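S.K.: Coordinates in upload-v7.csv, CSV, C-alpha atoms, are listed below.
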chain,number,residue,atom,x,y,z
A,1,MET,CA,88.7,104.0,90.5
A,2,ASP,CA,87.4,103.2,94.0
A,3,ASN,CA,87.6,105.8,96.6
A,4,VAL,CA,90.6,105.1,98.8
A,5,LEU,CA,88.7,106.2,101.9
A,6,ASN,CA,86.3,103.3,101.4
A,7,GLN,CA,89.2,101.0,102.4
A,8,ILE,CA,90.9,103.2,105.0
A,9,GLY,CA,88.2,105.3,106.6
A,10,ILE,CA,88.3,108.9,107.5
A,11,GLU,CA,88.6,108.1,111.3
A,12,ASN,CA,92.0,106.6,110.8
A,13,TYR,CA,93.2,109.8,109.2
A,14,ILE,CA,91.7,111.8,112.0
A,15,PHE,CA,93.5,109.6,114.6
A,16,LEU,CA,96.8,109.8,112.7
A,17,SER,CA,96.6,113.6,112.5
A,18,VAL,CA,95.7,113.9,116.2
A,19,ILE,CA,98.7,111.8,117.1
A,20,LEU,CA,101.1,113.7,114.9
A,21,PHE,CA,99.8,117.0,116.3
A,22,CYS,CA,100.3,115.8,119.8
A,23,ILE,CA,103.8,114.7,119.0
A,24,GLY,CA,104.5,118.3,117.7
A,25,VAL,CA,103.1,119.8,121.0
A,26,PHE,CA,105.2,117.3,122.9
A,27,GLY,CA,108.4,118.3,121.1
A,28,VAL,CA,107.7,122.0,121.8
A,29,LEU,CA,107.4,121.2,125.5
A,30,TYR,CA,110.1,118.6,125.8
A,31,ARG,CA,113.2,120.1,124.1
A,32,ARG,CA,115.3,123.2,124.8
A,33,ASN,CA,117.0,123.4,121.4
A,34,ALA,CA,115.1,126.1,119.4
A,35,ILE,CA,115.7,124.3,116.1
A,36,ILE,CA,114.0,121.2,117.3
A,37,VAL,CA,111.1,123.3,118.5
A,38,PHE,CA,110.8,124.7,115.0
A,39,MET,CA,110.8,121.2,113.6
A,40,SER,CA,108.0,120.2,116.0
A,41,ILE,CA,106.0,123.2,114.8
A,42,GLU,CA,106.5,121.9,111.2
A,43,ILE,CA,105.2,118.5,112.3
A,44,MET,CA,102.0,120.2,113.7
A,45,LEU,CA,101.5,122.1,110.5
A,46,ASN,CA,101.8,118.9,108.5
A,47,ALA,CA,99.4,117.1,110.7
A,48,VAL,CA,96.7,119.7,109.9
A,49,ASN,CA,97.6,119.7,106.2
A,50,LEU,CA,97.1,115.9,106.2
A,51,LEU,CA,93.7,116.2,107.7
A,52,PHE,CA,92.8,118.9,105.1
A,53,VAL,CA,93.7,116.6,102.3
A,54,ALA,CA,91.8,113.7,103.8
A,55,PHE,CA,88.7,115.8,104.1
A,56,SER,CA,89.2,117.1,100.6
A,57,THR,CA,89.2,113.6,99.4
A,58,TYR,CA,86.2,112.8,101.6
A,59,HIS,CA,84.1,115.6,100.2
A,60,GLN,CA,85.5,115.3,96.7
A,61,ASP,CA,86.3,119.0,96.7
A,62,ALA,CA,89.4,120.8,95.5
A,63,GLN,CA,89.1,123.7,98.0
A,64,GLY,CA,90.8,121.8,100.8
A,65,GLN,CA,93.8,121.2,98.7
A,66,VAL,CA,94.0,124.8,97.7
A,67,PHE,CA,94.0,125.8,101.3
A,68,VAL,CA,96.9,123.4,101.9
A,69,PHE,CA,98.8,125.3,99.2
A,70,PHE,CA,98.4,128.5,101.2
A,71,SER,CA,99.3,126.9,104.4
A,72,MET,CA,102.5,125.6,102.8
A,73,ALA,CA,103.4,129.1,101.6
A,74,VAL,CA,102.8,130.5,105.1
A,75,ALA,CA,104.9,127.7,106.5
A,76,ALA,CA,107.8,128.4,104.1
A,77,ALA,CA,107.7,132.1,105.0
A,78,GLU,CA,107.5,131.3,108.7
A,79,VAL,CA,110.5,129.0,108.6
A,80,ALA,CA,112.6,131.5,106.6
A,81,VAL,CA,111.9,134.4,109.1
A,82,GLY,CA,112.2,132.1,112.1
A,83,LEU,CA,115.5,130.7,111.2
A,84,ALA,CA,116.8,134.2,110.4
A,85,ILE,CA,115.7,135.3,113.9
A,86,LEU,CA,117.5,132.2,115.4
A,87,VAL,CA,120.7,133.0,113.5
A,88,SER,CA,120.7,136.5,114.9
A,89,ILE,CA,119.9,135.2,118.4
A,90,PHE,CA,122.8,132.9,118.1
A,91,ARG,CA,125.1,135.7,117.1
A,92,ASN,CA,124.1,137.8,120.1
A,93,LEU,CA,123.8,135.2,122.8
A,94,GLY,CA,126.1,132.4,121.6
A,95,SER,CA,123.4,129.7,122.0
A,96,ILE,CA,119.9,128.9,121.0
A,97,ASP,CA,118.8,127.3,124.2
A,98,ILE,CA,115.3,128.6,124.7
A,99,ASP,CA,115.7,128.7,128.5
A,100,ASN,CA,118.3,131.4,128.1
A,101,LEU,CA,115.9,133.7,126.4
A,102,LYS,CA,114.6,135.3,129.5
A,103,LYS,CA,115.3,139.0,128.8
A,104,LEU,CA,111.6,139.8,128.5
A,105,LYS,CA,110.8,138.2,131.8
A,106,GLY,CA,110.1,140.9,134.4
B,1,MET,CA,92.9,93.6,105.2
B,2,SER,CA,93.2,95.2,101.8
B,3,LEU,CA,96.5,96.3,100.4
B,4,THR,CA,95.6,100.0,100.8
B,5,LEU,CA,95.0,99.6,104.5
B,6,ILE,CA,98.3,97.8,104.9
B,7,LEU,CA,100.0,100.6,103.0
B,8,PHE,CA,98.3,103.2,105.2
B,9,CYS,CA,99.4,101.4,108.4
B,10,ILE,CA,103.0,101.2,107.2
B,11,LEU,CA,103.0,104.9,106.2
B,12,ALA,CA,101.4,105.9,109.5
B,13,ALA,CA,103.8,103.9,111.5
B,14,VAL,CA,106.8,105.5,109.7
B,15,ALA,CA,105.4,109.0,110.1
B,16,VAL,CA,104.7,108.6,113.8
B,17,GLY,CA,108.0,106.8,114.5
B,18,SER,CA,110.1,109.3,112.6
B,19,ALA,CA,108.3,112.2,114.3
B,20,PHE,CA,109.2,110.7,117.6
B,21,MET,CA,112.8,110.2,116.6
B,22,THR,CA,112.9,113.8,115.5
B,23,ILE,CA,112.2,114.8,119.0
B,24,PHE,CA,114.3,112.2,120.8
B,25,SER,CA,117.5,112.2,118.8
B,26,LYS,CA,120.2,114.2,120.4
B,27,ASN,CA,122.0,115.4,117.3
B,28,PRO,CA,120.1,118.1,115.4
B,29,ILE,CA,121.3,116.8,112.1
B,30,HIS,CA,119.8,113.4,112.9
B,31,SER,CA,116.6,115.2,113.9
B,32,ALA,CA,116.5,116.9,110.5
B,33,ILE,CA,117.0,113.6,108.7
B,34,TYR,CA,114.2,111.9,110.6
B,35,LEU,CA,112.0,114.9,109.8
B,36,VAL,CA,112.7,114.3,106.1
B,37,ILE,CA,111.6,110.7,106.5
B,38,CYS,CA,108.4,112.0,108.2
B,39,PHE,CA,107.7,114.4,105.4
B,40,PHE,CA,108.2,111.8,102.8
B,41,SER,CA,105.8,109.4,104.5
B,42,ILE,CA,103.2,112.3,104.6
B,43,ALA,CA,103.8,112.8,100.9
B,44,GLY,CA,103.1,109.0,100.6
B,45,HIS,CA,99.8,109.6,102.3
B,46,TYR,CA,99.0,112.3,99.8
B,47,LEU,CA,99.8,110.0,97.0
B,48,LEU,CA,97.6,107.3,98.6
B,49,MET,CA,94.7,109.8,98.4
B,50,ASN,CA,95.6,110.5,94.8
B,51,ALA,CA,96.5,114.1,95.4
B,52,GLN,CA,99.5,113.9,93.1
B,53,PHE,CA,100.2,117.6,92.6
B,54,LEU,CA,100.1,118.2,96.3
B,55,ALA,CA,102.4,115.3,97.0
B,56,LEU,CA,104.9,116.8,94.5
B,57,VAL,CA,104.6,120.3,96.0
B,58,HIS,CA,105.0,118.8,99.5
B,59,VAL,CA,108.2,117.0,98.6
B,60,ILE,CA,109.6,120.1,96.8
B,61,VAL,CA,108.7,122.6,99.5
B,62,TYR,CA,109.3,120.6,102.7
B,63,SER,CA,111.8,118.0,101.9
B,64,GLY,CA,113.6,120.3,99.5
B,65,ALA,CA,113.5,123.9,100.6
B,66,ILE,CA,112.6,123.9,104.3
B,67,MET,CA,115.0,121.0,105.1
B,68,ILE,CA,117.9,122.7,103.3
B,69,LEU,CA,117.2,125.8,105.4
B,70,PHE,CA,117.2,123.7,108.6
B,71,LEU,CA,120.4,121.9,107.7
B,72,PHE,CA,122.2,125.1,106.7
B,73,THR,CA,121.2,126.7,109.9
B,74,VAL,CA,122.4,123.8,112.0
B,75,MET,CA,125.7,123.8,110.2
B,76,LEU,CA,126.0,127.6,110.3
B,77,MET,CA,125.6,127.6,114.1
B,78,ASN,CA,127.9,124.6,114.5
B,79,LEU,CA,125.3,122.7,116.5
B,80,ASN,CA,126.4,119.4,115.3
B,81,LYS,CA,127.3,118.2,118.7
B,82,GLU,CA,125.4,116.4,121.4
B,83,ASP,CA,126.0,118.7,124.4
B,84,GLU,CA,122.5,120.0,124.9
B,85,VAL,CA,121.5,120.3,128.5
B,86,HIS,CA,118.1,118.7,129.2
B,87,LYS,CA,115.2,120.4,130.8
B,88,PRO,CA,114.7,119.7,134.4
B,89,ARG,CA,113.3,116.2,135.0
B,90,ILE,CA,109.9,117.5,136.3
B,91,THR,CA,109.4,119.6,133.2
B,92,ARG,CA,110.1,116.6,131.0
B,93,TRP,CA,107.7,114.4,132.9
B,94,ALA,CA,105.1,117.1,132.7
B,95,ALA,CA,105.6,117.2,128.9
B,96,VAL,CA,105.1,113.4,128.7
B,97,ILE,CA,102.0,113.5,130.9
B,98,PHE,CA,100.6,116.4,128.8
B,99,PHE,CA,101.3,114.5,125.6
B,100,VAL,CA,99.5,111.4,126.8
B,101,LEU,CA,96.5,113.4,128.2
B,102,MET,CA,96.2,115.4,125.1
B,103,CYS,CA,96.2,112.3,122.9
B,104,ILE,CA,93.6,110.6,125.0
B,105,VAL,CA,91.3,113.6,125.2
B,106,LEU,CA,91.4,114.5,121.5
B,107,ILE,CA,90.9,110.9,120.4
B,108,ALA,CA,88.1,110.4,122.9
B,109,ILE,CA,86.5,113.6,121.6
B,110,PHE,CA,86.6,112.3,118.0
B,111,ILE,CA,85.3,108.9,119.0
B,112,GLN,CA,82.6,110.3,121.2
B,113,SER,CA,81.4,112.8,118.7
B,114,LYS,CA,80.4,110.0,116.4
B,115,PRO,CA,81.0,111.7,113.1
B,116,ILE,CA,78.5,110.8,110.5
B,117,VAL,CA,80.6,108.9,108.1
B,118,GLY,CA,78.9,108.5,104.8
B,119,PRO,CA,79.5,105.7,102.3
B,120,TYR,CA,82.2,107.8,100.6
B,121,ASP,CA,80.3,108.3,97.4
B,122,LEU,CA,82.3,108.7,94.3
B,123,THR,CA,80.9,111.4,92.1
B,124,GLY,CA,83.2,110.4,89.3
B,125,GLU,CA,84.2,114.0,88.6
B,126,ASP,CA,87.8,115.1,88.5
B,127,TYR,CA,88.6,117.2,91.5
B,128,GLN,CA,92.2,117.0,92.2
B,129,SER,CA,94.1,117.0,89.0
B,130,ILE,CA,96.4,119.9,88.3
B,131,LYS,CA,93.9,121.3,85.7
B,132,VAL,CA,91.1,121.6,88.2
B,133,LEU,CA,93.3,122.8,91.0
B,134,GLY,CA,94.7,125.5,88.8
B,135,LYS,CA,91.2,126.7,87.8
B,136,VAL,CA,90.1,126.8,91.5
B,137,LEU,CA,93.2,128.6,92.5
B,138,LEU,CA,93.1,131.3,89.9
B,139,ASN,CA,89.4,131.8,89.8
B,140,GLU,CA,88.0,131.7,93.3
B,141,TYR,CA,91.2,132.2,95.2
B,142,MET,CA,92.8,134.8,93.0
B,143,VAL,CA,93.2,137.5,95.7
B,144,PRO,CA,94.7,135.2,98.4
B,145,PHE,CA,97.0,133.8,95.7
B,146,GLU,CA,98.4,137.3,95.0
B,147,PHE,CA,98.6,138.1,98.7
B,148,ALA,CA,100.7,134.9,99.2
B,149,SER,CA,103.2,136.3,96.8
B,150,VAL,CA,103.4,139.5,98.8
B,151,LEU,CA,103.8,137.4,102.0
B,152,LEU,CA,106.7,135.5,100.4
B,153,LEU,CA,108.3,138.7,99.3
B,154,VAL,CA,108.0,140.3,102.7
B,155,ALA,CA,109.4,137.1,104.3
B,156,MET,CA,112.4,137.1,102.0
B,157,ILE,CA,113.2,140.8,102.7
B,158,GLY,CA,112.7,140.2,106.4
B,159,ALA,CA,115.0,137.2,106.5
B,160,VAL,CA,117.7,139.1,104.6
B,161,LEU,CA,117.4,142.1,106.9
B,162,LEU,CA,117.4,140.0,110.1
B,163,SER,CA,120.4,137.9,109.2
B,164,LYS,CA,122.5,140.8,107.9
B,165,LYS,CA,125.3,141.8,110.2
B,166,GLU,CA,124.9,145.2,111.7
B,167,GLU,CA,127.7,147.6,110.9
B,168,LYS,CA,129.5,148.9,113.9
B,169,SER,CA,129.1,152.6,114.1
Once more with this new file: its structure as structure tokens, please.

M.R.:
Amino acid sequence: MDNVLNQIGIENYIFLSVILFCIGVFGVLYRRNAIIVFMSIEIMLNAVNLLFVAFSTYHQDAQGQVFVFFSMAVAAAEVAVGLAILVSIFRNLGSIDIDNLKKLKG
Amino acid sequence: MSLTLILFCILAAVAVGSAFMTIFSKNPIHSAIYLVICFFSIAGHYLLMNAQFLALVHVIVYSGAIMILFLFTVMLMNLNKEDEVHKPRITRWAAVIFFVLMCIVLIAIFIQSKPIVGPYDLTGEDYQSIKVLGKVLLNEYMVPFEFASVLLLVAMIGAVLLSKKEEKS
């Protein structure tokens, strides 16, 4: 089987990952809804995972893919804890607007 | 243009477009659905690179577990309405400008750095089947693998503790 990167090129994957990562950063800055902010963080994590897999294919090495497993496990844990925190914030404040979370501001 | 390149372009366009729609759609449920589309197209990229096991795990973990969590939270908080107040206009413009600048700078960096792109040799050895991945995972990465289980356990206990209602004393 031909290597798929022969036809696509690793640069295209780098550009795609960069754009996805920037979209994630943009979402964090643009929205006030904390759930959308979480989704943007997921997009950023996925952009990095995609680049890991692309370079794993480039170097013909399994270790990049193993690293993606670990980052998926961490992402799952992060989402579970983060959403639990959001639920308890919603119970206490009645909204999850991140601009209302200013209690720590001096 | 080869078929693979066309497939890559379609998948990339779907991924970027649905990621944008995730951010721009007003209803959080729609955002979650666009995010599912984005994750599926990324799984398509994994399949394109012949990382089958990773594509399956990605679909199960992200499109399955994480998305269900998001949807349940949105429904639990009854956020299924479009009354979100926007950030001030200047903040939003700053976000757009930051996005454009960051894209330009990062892409310029990767173009300017002129990565040495080899001819993509094919060694012919199997490196991404489930068999090989399992061997690597359980030989070289045994300790991190066990720690990942501890991490998941701690996250589970933490999530239960955080979302439990406090008893009024």

S.K.: Pick the closest to chain B from A:Val37, A:Val28, A:Leu45, A:Ile8: which is it, counting only C-alpha atoms?

M.R.: A:Ile8

S.K.: Which is closest to Phe69 (chain A) among B:Ala148, B:Ile107, B:Met1, B:Ala15, if we use only C-alpha atoms?

M.R.: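 Between B:Ala148, B:Ile107, B:Met1, B:Ala15, the residue approaching Phe69 (chain A) most closely is B:Ala148.
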
S.K.: For chain A, work out the contacting residues on chain B at 6 Å, counting all atoms listed in the file, and write them as a PyMOL selection string.

M.R.: chain B and resi 5+23+92+95+99+127-128+152+155+159+162-163

S.K.: Excluding Ser18 (chain B) and residues on its chain fewer than 4 positions from it, collect all residues at most 12 Å away from it, counting all atoms listed in the file, and give them as a list in words.

M.R.: Leu20, Ile23, Gly24, Met39, Ser40 and Ile43 of chain A; Leu11, Ala12, Ala13, Val14, Thr22, Ile23, Phe24, Ser25, His30, Ser31, Ala32, Ile33, Tyr34, Leu35, Val36, Ile37, Cys38, Phe39, Phe40, Ser41 and Ile42 of chain B

S.K.: One decimal, in Å: what's the spacing between CA of Gln52 (chain B) and CA of Val132 (chain B)?

M.R.: 12.4 Å

S.K.: Mind giving me the straight-line distance from CA of His58 (chain B) to CA of Gly44 (chain B) in Å, one decimal?

M.R.: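 CA of His58 (chain B) sits 10.0 Å away from CA of Gly44 (chain B).
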
S.K.: Find the distance between CA of Val59 (chain B) and CA of Leu138 (chain B) and write it in Å to one decimal.

M.R.: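 Taking CA of Val59 (chain B) and CA of Leu138 (chain B), their separation equals 22.5 Å.
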
S.K.: Every residue with an atom at most 12 Å from (85.6, 110.4, 121.9) (file coordinates; all atoms listed in the file) is what I'm after, so could you write them as a list in words?

M.R.: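 Protein, DNA and RNA residues close to (85.6, 110.4, 121.9): Glu11, Ile14 and Phe15 of chain A; Cys103, Ile104, Val105, Leu106, Ile107, Ala108, Ile109, Phe110, Ile111, Gln112, Ser113, Lys114 and Pro115 of chain B.
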